[in-house]
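Here's data30.txt, which has compact mmCIF, C-alpha atoms:
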```txt
# COMPACT_ATOMS: atom_id res chain seq x y z
CA MET N 1 6.17 1.13 -15.36
CA ASN N 2 9.43 2.82 -14.41
CA MET N 3 8.83 6.45 -15.27
CA THR N 4 11.77 8.77 -15.54
CA PHE N 5 10.02 11.61 -13.68
CA THR N 6 6.69 11.66 -11.92
CA GLN N 7 5.03 13.51 -9.07
CA LEU N 8 4.28 12.09 -5.64
CA LYS N 9 0.56 12.55 -6.25
CA ASP N 10 0.81 10.17 -9.22
CA ILE N 11 2.72 7.58 -7.19
CA LEU N 12 0.22 7.82 -4.33
CA ARG N 13 -2.66 7.63 -6.80
CA ARG N 14 -1.17 4.44 -8.28
CA ILE N 15 -0.74 2.95 -4.80
CA LYS N 16 -4.39 3.80 -4.14
CA GLN N 17 -5.39 2.03 -7.38
CA VAL N 18 -3.35 -1.02 -6.37
CA HIS N 19 -5.03 -1.11 -2.95
CA PHE N 20 -8.45 -0.77 -4.58
CA GLU N 21 -7.74 -3.59 -7.05
CA VAL N 22 -6.46 -5.95 -4.35
CA SER N 23 -9.46 -5.13 -2.20
CA ASN N 24 -11.75 -6.07 -5.11
CA ILE N 25 -9.81 -9.28 -5.78
CA CYS N 26 -10.06 -10.28 -2.12
CA ALA N 27 -13.75 -9.39 -2.00
CA SER N 28 -14.49 -11.54 -5.04
CA GLU N 29 -12.48 -14.43 -3.60
CA GLN N 30 -13.95 -14.44 -0.12
CA GLN N 31 -14.37 -18.01 0.97
CA GLY N 32 -17.47 -18.37 3.17
CA THR N 33 -15.73 -19.05 6.47
CA ASP N 34 -12.28 -17.66 5.64
CA ARG N 35 -12.33 -14.35 7.45
CA ARG N 36 -8.75 -13.59 6.39
CA THR N 37 -9.85 -12.37 2.96
CA SER N 38 -12.38 -10.11 4.65
CA LEU N 39 -9.57 -8.66 6.79
CA LEU N 40 -7.59 -8.03 3.60
CA VAL N 41 -10.55 -6.25 2.00
CA ASP N 42 -10.85 -3.93 4.98
CA PHE N 43 -7.10 -3.31 5.11
CA PHE N 44 -6.73 -2.44 1.44
CA CYS N 45 -9.90 -0.31 1.42
CA GLU N 46 -8.57 1.85 4.24
CA TRP N 47 -5.57 3.17 2.27
CA GLU N 48 -7.23 6.49 1.60
CA ASP N 49 -8.03 6.94 5.30
CA ARG N 50 -4.42 6.23 6.26
CA LEU N 51 -3.11 8.60 3.59
CA GLY N 52 -5.61 11.24 4.72
CA MET N 53 -4.40 10.89 8.32
CA CYS N 54 -0.88 11.51 7.13
CA LEU N 55 -1.80 14.57 5.05
CA ASP N 56 -4.39 16.13 7.39
CA THR N 57 -1.71 17.83 9.45
CA LEU N 58 -0.55 19.83 6.43
CA GLU N 59 -1.79 23.26 5.50
CA PRO N 60 -3.34 23.41 2.00
CA GLU N 61 -0.23 24.94 0.42
CA GLU N 62 2.05 22.43 2.17
CA ARG N 63 -0.16 19.57 0.98
CA LYS N 64 -0.06 20.88 -2.58
CA ALA N 65 3.73 21.23 -2.45
CA PHE N 66 4.09 17.72 -1.02
CA LEU N 67 1.85 16.11 -3.64
CA ASN N 68 3.48 18.07 -6.47
CA THR N 69 7.00 16.99 -5.49
CA TRP N 70 8.84 15.59 -8.49
CA VAL N 71 10.48 12.18 -8.18
CA GLN N 72 12.99 10.66 -10.54
CA PHE N 73 12.81 6.89 -11.08
CA ALA N 74 9.96 6.03 -8.74
CA GLY N 75 10.69 2.30 -8.87
CA MET N 76 7.17 0.87 -9.01
CA GLU N 77 8.34 -2.38 -10.66
CA GLU N 78 8.35 -4.50 -7.49
CA VAL N 79 4.90 -3.25 -6.52
CA GLU N 80 3.61 -4.12 -9.99
CA LYS N 81 5.21 -7.60 -9.83
CA ALA N 82 3.63 -8.20 -6.43
CA LEU N 83 0.27 -7.03 -7.77
CA ALA N 84 0.59 -9.50 -10.68
CA ALA N 85 1.23 -12.27 -8.12
CA VAL N 86 -1.96 -11.30 -6.26
CA ARG N 87 -3.91 -11.43 -9.53
CA GLU N 88 -2.55 -14.91 -10.26
CA ALA N 89 -3.20 -16.11 -6.72
CA SER N 90 -6.82 -15.00 -6.77
CA ALA N 91 -7.83 -18.19 -8.57
CA ASN N 92 -5.93 -20.36 -6.08
CA GLU N 93 -6.28 -21.17 -2.42
CA PRO N 94 -7.02 -18.41 0.10
CA ASP N 95 -3.64 -19.10 1.76
CA ARG N 96 -1.84 -18.05 -1.43
CA LEU N 97 -4.00 -14.95 -1.80
CA VAL N 98 -3.23 -13.89 1.77
CA GLU N 99 0.48 -14.56 1.28
CA THR N 100 0.75 -12.57 -1.95
CA ALA N 101 -1.31 -9.68 -0.59
CA LEU N 102 1.03 -9.39 2.41
CA VAL N 103 4.06 -9.45 0.09
CA LEU N 104 2.46 -6.67 -1.95
CA GLN N 105 1.99 -4.56 1.15
CA LYS N 106 5.66 -5.05 2.08
CA GLU N 107 6.65 -3.85 -1.39
CA ILE N 108 4.50 -0.73 -0.98
CA ILE N 109 6.16 0.01 2.36
CA LYS N 110 9.61 -0.51 0.80
CA LEU N 111 8.68 1.90 -1.99
CA LEU N 112 7.57 4.58 0.48
CA GLU N 113 10.77 4.10 2.49
CA TYR N 114 12.87 4.23 -0.68
CA LEU N 115 11.24 7.50 -1.71
CA ALA N 116 11.65 8.92 1.80
CA GLY N 117 15.35 8.11 1.67
CA ARG N 118 15.93 9.64 -1.77
CA LEU N 119 14.11 12.94 -1.70
CA LYS N 120 16.02 16.02 -0.61
CA ALA N 121 13.28 18.08 1.04
CA ARG N 122 13.27 17.19 4.73
CA ASP N 123 9.54 17.77 5.21
CA VAL N 124 8.72 15.50 2.24
CA ARG N 125 11.08 12.80 3.53
CA GLU N 126 9.52 13.01 6.99
CA ARG N 127 5.97 12.85 5.61
CA LEU N 128 6.79 9.81 3.46
CA GLY N 129 8.56 8.21 6.41
CA ALA N 130 5.47 8.80 8.53
CA LEU N 131 3.25 7.28 5.84
CA ALA N 132 5.56 4.25 5.62
CA GLU N 133 5.35 3.87 9.40
CA ILE N 134 1.55 4.12 9.35
CA GLU N 135 1.49 1.43 6.66
CA ARG N 136 3.98 -0.74 8.56
CA LYS N 137 1.84 -0.58 11.71
CA ALA N 138 -1.34 -1.33 9.77
CA ALA N 139 0.41 -4.28 8.07
CA ARG N 140 1.60 -5.61 11.45
CA ASP N 141 -1.93 -5.36 12.82
CA LEU N 142 -3.27 -7.10 9.73
CA GLY N 143 -0.66 -9.85 10.01
CA SER N 144 -1.54 -10.43 13.66
CA ALA N 145 -5.26 -10.56 12.88
CA ILE N 146 -4.66 -13.02 10.03
CA VAL N 147 -2.54 -15.29 12.25
CA MET N 148 -5.24 -15.23 14.93
CA GLU N 149 -7.91 -16.09 12.34
CA ARG N 150 -5.82 -18.89 10.88
CA ASP N 151 -5.15 -20.35 14.31
CA ALA N 152 -8.78 -20.03 15.47
```
Please rewrite the model in this file as structure tokens.
Amino acid sequence: MNMTFTQLKDILRRIKQVHFEVSNICASEQQGTDRRTSLLVDFFCEWEDRLGMCLDTLEPEERKAFLNTWVQFAGMEEVEKALAAVREASANEPDRLVETALVLQKEIIKLLEYLAGRLKARDVRERLGALAEIERKAARDLGSAIVMERDA
């Protein structure tokens, strides 16, 4: 799925679709007492809220310009590979599902950071960097919650 040119809104839409799919996979795989999958469902469902937080500070024209930014070679391959691993893990043990979902989130963060580093417009780079940081913090919080649940 390596497109030559695409817009940020399409990349963010695809990331949203990935989050939605993983949330559904985790929801369908919830193991009665394994709260970790429930934490994953919540985490992946909240993507739109986190994106909204990042974009809410923009004026309508700035938001439109940000979302319409053209990107060459978005590099979604690693995200797609990680998503495939989550799909495969969904039939396995909850530990594998948790592990692959966390790897997927790391790939999404790496993609956002990659885009932030490549784009020329400073405001776009900063906004993508902020979104990557929001995702990194959310992933850290999720990882901590999962460790606490596993150890409980």
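Comparing the minimum interatomic distances between Arg150 (chain N) and each of N:Glu113, N:Glu78, N:Asp95, N:Glu135, counting all atoms listed in the file, we find that N:Asp95 sits nearest.
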Could you tell me, as a compact mmCIF listing (two decimals) with C-alpha atoms, keeping the file's coordinate frame, which residues have any atom at most 12 Å from (4.2, 0.5, 8.3), counting all atoms listed in the file?
```txt
# COMPACT_ATOMS: atom_id res chain seq x y z
CA TRP N 47 -5.57 3.17 2.27
CA ARG N 50 -4.42 6.23 6.26
CA LEU N 51 -3.11 8.60 3.59
CA LEU N 102 1.03 -9.39 2.41
CA GLN N 105 1.99 -4.56 1.15
CA LYS N 106 5.66 -5.05 2.08
CA GLU N 107 6.65 -3.85 -1.39
CA ILE N 108 4.50 -0.73 -0.98
CA ILE N 109 6.16 0.01 2.36
CA LYS N 110 9.61 -0.51 0.80
CA LEU N 111 8.68 1.90 -1.99
CA LEU N 112 7.57 4.58 0.48
CA GLU N 113 10.77 4.10 2.49
CA LEU N 128 6.79 9.81 3.46
CA GLY N 129 8.56 8.21 6.41
CA ALA N 130 5.47 8.80 8.53
CA LEU N 131 3.25 7.28 5.84
CA ALA N 132 5.56 4.25 5.62
CA GLU N 133 5.35 3.87 9.40
CA ILE N 134 1.55 4.12 9.35
CA GLU N 135 1.49 1.43 6.66
CA ARG N 136 3.98 -0.74 8.56
CA LYS N 137 1.84 -0.58 11.71
CA ALA N 138 -1.34 -1.33 9.77
CA ALA N 139 0.41 -4.28 8.07
CA ARG N 140 1.60 -5.61 11.45
CA ASP N 141 -1.93 -5.36 12.82
CA LEU N 142 -3.27 -7.10 9.73
CA GLY N 143 -0.66 -9.85 10.01
```
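Our summary of the geometry notes that CA of Asp49 (chain N) is positioned 14.9 Å from CA of Val18 (chain N).
Interatomic distance, CA of Ile25 (chain N) to CA of Glu77 (chain N): 20.0 Å.
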Option closest in space to Ser38 (chain N), from N:Met53, N:Leu97, N:Ala82, N:Leu58 [counting only C-alpha atoms]: N:Leu97
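The space separating CA of Val86 (chain N) from CA of Leu104 (chain N) comes to 7.7 Å.
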task: Would you kindly identify which residues have an atom no farther than 12 Å from (11.6, 13.8, 2.8), using all atoms listed in the file and the file's own coordinates, and write them out as JSON, numbers by chain?
output: {"N": [8, 66, 67, 69, 70, 71, 112, 113, 114, 115, 116, 117, 118, 119, 120, 121, 122, 123, 124, 125, 126, 127, 128, 129, 130, 131, 132]}
Generate a file of the selected residues that holds C-alpha atoms, formatted as a PDB file, in the frame of the given file.
```
ATOM      1  CA  LEU N   8       4.280  12.090  -5.640  1.00  0.00           C
ATOM      2  CA  PHE N  66       4.090  17.720  -1.020  1.00  0.00           C
ATOM      3  CA  LEU N  67       1.850  16.110  -3.640  1.00  0.00           C
ATOM      4  CA  THR N  69       7.000  16.990  -5.490  1.00  0.00           C
ATOM      5  CA  TRP N  70       8.840  15.590  -8.490  1.00  0.00           C
ATOM      6  CA  VAL N  71      10.480  12.180  -8.180  1.00  0.00           C
ATOM      7  CA  LEU N 112       7.570   4.580   0.480  1.00  0.00           C
ATOM      8  CA  GLU N 113      10.770   4.100   2.490  1.00  0.00           C
ATOM      9  CA  TYR N 114      12.870   4.230  -0.680  1.00  0.00           C
ATOM     10  CA  LEU N 115      11.240   7.500  -1.710  1.00  0.00           C
ATOM     11  CA  ALA N 116      11.650   8.920   1.800  1.00  0.00           C
ATOM     12  CA  GLY N 117      15.350   8.110   1.670  1.00  0.00           C
ATOM     13  CA  ARG N 118      15.930   9.640  -1.770  1.00  0.00           C
ATOM     14  CA  LEU N 119      14.110  12.940  -1.700  1.00  0.00           C
ATOM     15  CA  LYS N 120      16.020  16.020  -0.610  1.00  0.00           C
ATOM     16  CA  ALA N 121      13.280  18.080   1.040  1.00  0.00           C
ATOM     17  CA  ARG N 122      13.270  17.190   4.730  1.00  0.00           C
ATOM     18  CA  ASP N 123       9.540  17.770   5.210  1.00  0.00           C
ATOM     19  CA  VAL N 124       8.720  15.500   2.240  1.00  0.00           C
ATOM     20  CA  ARG N 125      11.080  12.800   3.530  1.00  0.00           C
ATOM     21  CA  GLU N 126       9.520  13.010   6.990  1.00  0.00           C
ATOM     22  CA  ARG N 127       5.970  12.850   5.610  1.00  0.00           C
ATOM     23  CA  LEU N 128       6.790   9.810   3.460  1.00  0.00           C
ATOM     24  CA  GLY N 129       8.560   8.210   6.410  1.00  0.00           C
ATOM     25  CA  ALA N 130       5.470   8.800   8.530  1.00  0.00           C
ATOM     26  CA  LEU N 131       3.250   7.280   5.840  1.00  0.00           C
ATOM     27  CA  ALA N 132       5.560   4.250   5.620  1.00  0.00           C
TER      28      ALA N 132
END
```
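Considering the residues N:Arg96, N:Arg35, N:Arg14, N:Arg63 and counting all atoms listed in the file, Glu80 (chain N) has its shortest atom-to-atom contact with N:Arg14.
Of the listed residues (N:Thr37, N:Asp10, N:Asn68, N:His19), N:Thr37 comes nearest to Ser90 (chain N); the distances count all atoms listed in the file.
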For region 70-101 of chain N, supply N, CA and C atoms and format the output as a PDB file, in the coordinates of the input.
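Generated file (out11.pdb):
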```pdb
ATOM      1  N   TRP N  70       8.387  16.415  -7.381  1.00  0.00           N
ATOM      2  CA  TRP N  70       8.840  15.590  -8.490  1.00  0.00           C
ATOM      3  C   TRP N  70       9.791  14.515  -7.984  1.00  0.00           C
ATOM      4  N   VAL N  71       9.650  13.323  -8.553  1.00  0.00           N
ATOM      5  CA  VAL N  71      10.480  12.180  -8.180  1.00  0.00           C
ATOM      6  C   VAL N  71      11.075  11.604  -9.464  1.00  0.00           C
ATOM      7  N   GLN N  72      12.350  11.325  -9.414  1.00  0.00           N
ATOM      8  CA  GLN N  72      12.990  10.660 -10.540  1.00  0.00           C
ATOM      9  C   GLN N  72      13.105   9.173 -10.247  1.00  0.00           C
ATOM     10  N   PHE N  73      12.743   8.343 -11.203  1.00  0.00           N
ATOM     11  CA  PHE N  73      12.810   6.890 -11.080  1.00  0.00           C
ATOM     12  C   PHE N  73      12.093   6.388  -9.830  1.00  0.00           C
ATOM     13  N   ALA N  74      10.781   6.404  -9.893  1.00  0.00           N
ATOM     14  CA  ALA N  74       9.960   6.030  -8.740  1.00  0.00           C
ATOM     15  C   ALA N  74      10.121   4.573  -8.333  1.00  0.00           C
ATOM     16  N   GLY N  75      10.453   3.687  -9.253  1.00  0.00           N
ATOM     17  CA  GLY N  75      10.690   2.300  -8.870  1.00  0.00           C
ATOM     18  C   GLY N  75       9.454   1.526  -8.483  1.00  0.00           C
ATOM     19  N   MET N  76       8.427   1.578  -9.301  1.00  0.00           N
ATOM     20  CA  MET N  76       7.170   0.870  -9.010  1.00  0.00           C
ATOM     21  C   MET N  76       7.193  -0.588  -9.473  1.00  0.00           C
ATOM     22  N   GLU N  77       8.305  -1.051 -10.069  1.00  0.00           N
ATOM     23  CA  GLU N  77       8.340  -2.380 -10.660  1.00  0.00           C
ATOM     24  C   GLU N  77       8.001  -3.488  -9.668  1.00  0.00           C
ATOM     25  N   GLU N  78       8.582  -3.427  -8.475  1.00  0.00           N
ATOM     26  CA  GLU N  78       8.350  -4.500  -7.490  1.00  0.00           C
ATOM     27  C   GLU N  78       6.904  -4.505  -7.016  1.00  0.00           C
ATOM     28  N   VAL N  79       6.322  -3.332  -6.887  1.00  0.00           N
ATOM     29  CA  VAL N  79       4.900  -3.250  -6.520  1.00  0.00           C
ATOM     30  C   VAL N  79       4.059  -3.878  -7.619  1.00  0.00           C
ATOM     31  N   GLU N  80       4.377  -3.562  -8.866  1.00  0.00           N
ATOM     32  CA  GLU N  80       3.610  -4.120  -9.990  1.00  0.00           C
ATOM     33  C   GLU N  80       3.780  -5.634 -10.086  1.00  0.00           C
ATOM     34  N   LYS N  81       4.986  -6.148  -9.834  1.00  0.00           N
ATOM     35  CA  LYS N  81       5.210  -7.600  -9.830  1.00  0.00           C
ATOM     36  C   LYS N  81       4.390  -8.266  -8.724  1.00  0.00           C
ATOM     37  N   ALA N  82       4.390  -7.647  -7.559  1.00  0.00           N
ATOM     38  CA  ALA N  82       3.630  -8.200  -6.430  1.00  0.00           C
ATOM     39  C   ALA N  82       2.133  -8.168  -6.727  1.00  0.00           C
ATOM     40  N   LEU N  83       1.676  -7.109  -7.388  1.00  0.00           N
ATOM     41  CA  LEU N  83       0.270  -7.030  -7.770  1.00  0.00           C
ATOM     42  C   LEU N  83      -0.066  -8.143  -8.758  1.00  0.00           C
ATOM     43  N   ALA N  84       0.813  -8.408  -9.715  1.00  0.00           N
ATOM     44  CA  ALA N  84       0.590  -9.500 -10.680  1.00  0.00           C
ATOM     45  C   ALA N  84       0.485 -10.837  -9.945  1.00  0.00           C
ATOM     46  N   ALA N  85       1.291 -11.028  -8.902  1.00  0.00           N
ATOM     47  CA  ALA N  85       1.230 -12.270  -8.120  1.00  0.00           C
ATOM     48  C   ALA N  85      -0.113 -12.394  -7.401  1.00  0.00           C
ATOM     49  N   VAL N  86      -0.638 -11.277  -6.904  1.00  0.00           N
ATOM     50  CA  VAL N  86      -1.960 -11.300  -6.260  1.00  0.00           C
ATOM     51  C   VAL N  86      -3.021 -11.686  -7.285  1.00  0.00           C
ATOM     52  N   ARG N  87      -2.940 -11.100  -8.474  1.00  0.00           N
ATOM     53  CA  ARG N  87      -3.910 -11.430  -9.530  1.00  0.00           C
ATOM     54  C   ARG N  87      -3.881 -12.925  -9.842  1.00  0.00           C
ATOM     55  N   GLU N  88      -2.683 -13.486  -9.963  1.00  0.00           N
ATOM     56  CA  GLU N  88      -2.550 -14.910 -10.260  1.00  0.00           C
ATOM     57  C   GLU N  88      -3.056 -15.769  -9.111  1.00  0.00           C
ATOM     58  N   ALA N  89      -2.808 -15.329  -7.897  1.00  0.00           N
ATOM     59  CA  ALA N  89      -3.200 -16.110  -6.720  1.00  0.00           C
ATOM     60  C   ALA N  89      -4.709 -16.089  -6.513  1.00  0.00           C
ATOM     61  N   SER N  90      -5.388 -15.131  -7.063  1.00  0.00           N
ATOM     62  CA  SER N  90      -6.820 -15.000  -6.770  1.00  0.00           C
ATOM     63  C   SER N  90      -7.616 -16.217  -7.186  1.00  0.00           C
ATOM     64  N   ALA N  91      -7.112 -16.993  -8.151  1.00  0.00           N
ATOM     65  CA  ALA N  91      -7.830 -18.190  -8.570  1.00  0.00           C
ATOM     66  C   ALA N  91      -7.430 -19.412  -7.738  1.00  0.00           C
ATOM     67  N   ASN N  92      -6.443 -19.242  -6.876  1.00  0.00           N
ATOM     68  CA  ASN N  92      -5.930 -20.360  -6.080  1.00  0.00           C
ATOM     69  C   ASN N  92      -6.537 -20.381  -4.691  1.00  0.00           C
ATOM     70  N   GLU N  93      -5.849 -21.048  -3.805  1.00  0.00           N
ATOM     71  CA  GLU N  93      -6.280 -21.170  -2.420  1.00  0.00           C
ATOM     72  C   GLU N  93      -6.218 -19.835  -1.686  1.00  0.00           C
ATOM     73  N   PRO N  94      -7.062 -19.639  -0.696  1.00  0.00           N
ATOM     74  CA  PRO N  94      -7.020 -18.410   0.100  1.00  0.00           C
ATOM     75  C   PRO N  94      -5.655 -18.178   0.760  1.00  0.00           C
ATOM     76  N   ASP N  95      -4.961 -19.248   1.133  1.00  0.00           N
ATOM     77  CA  ASP N  95      -3.640 -19.100   1.760  1.00  0.00           C
ATOM     78  C   ASP N  95      -2.690 -18.362   0.825  1.00  0.00           C
ATOM     79  N   ARG N  96      -2.715 -18.697  -0.445  1.00  0.00           N
ATOM     80  CA  ARG N  96      -1.840 -18.050  -1.430  1.00  0.00           C
ATOM     81  C   ARG N  96      -2.236 -16.591  -1.628  1.00  0.00           C
ATOM     82  N   LEU N  97      -3.523 -16.321  -1.649  1.00  0.00           N
ATOM     83  CA  LEU N  97      -4.000 -14.950  -1.800  1.00  0.00           C
ATOM     84  C   LEU N  97      -3.532 -14.093  -0.622  1.00  0.00           C
ATOM     85  N   VAL N  98      -3.664 -14.609   0.570  1.00  0.00           N
ATOM     86  CA  VAL N  98      -3.230 -13.890   1.770  1.00  0.00           C
ATOM     87  C   VAL N  98      -1.726 -13.640   1.700  1.00  0.00           C
ATOM     88  N   GLU N  99      -0.980 -14.669   1.355  1.00  0.00           N
ATOM     89  CA  GLU N  99       0.480 -14.560   1.280  1.00  0.00           C
ATOM     90  C   GLU N  99       0.910 -13.498   0.267  1.00  0.00           C
ATOM     91  N   THR N 100       0.341 -13.527  -0.926  1.00  0.00           N
ATOM     92  CA  THR N 100       0.750 -12.570  -1.950  1.00  0.00           C
ATOM     93  C   THR N 100       0.305 -11.153  -1.619  1.00  0.00           C
ATOM     94  N   ALA N 101      -0.841 -11.012  -0.981  1.00  0.00           N
ATOM     95  CA  ALA N 101      -1.310  -9.680  -0.590  1.00  0.00           C
ATOM     96  C   ALA N 101      -0.385  -9.070   0.466  1.00  0.00           C
TER      97      ALA N 101
END
```
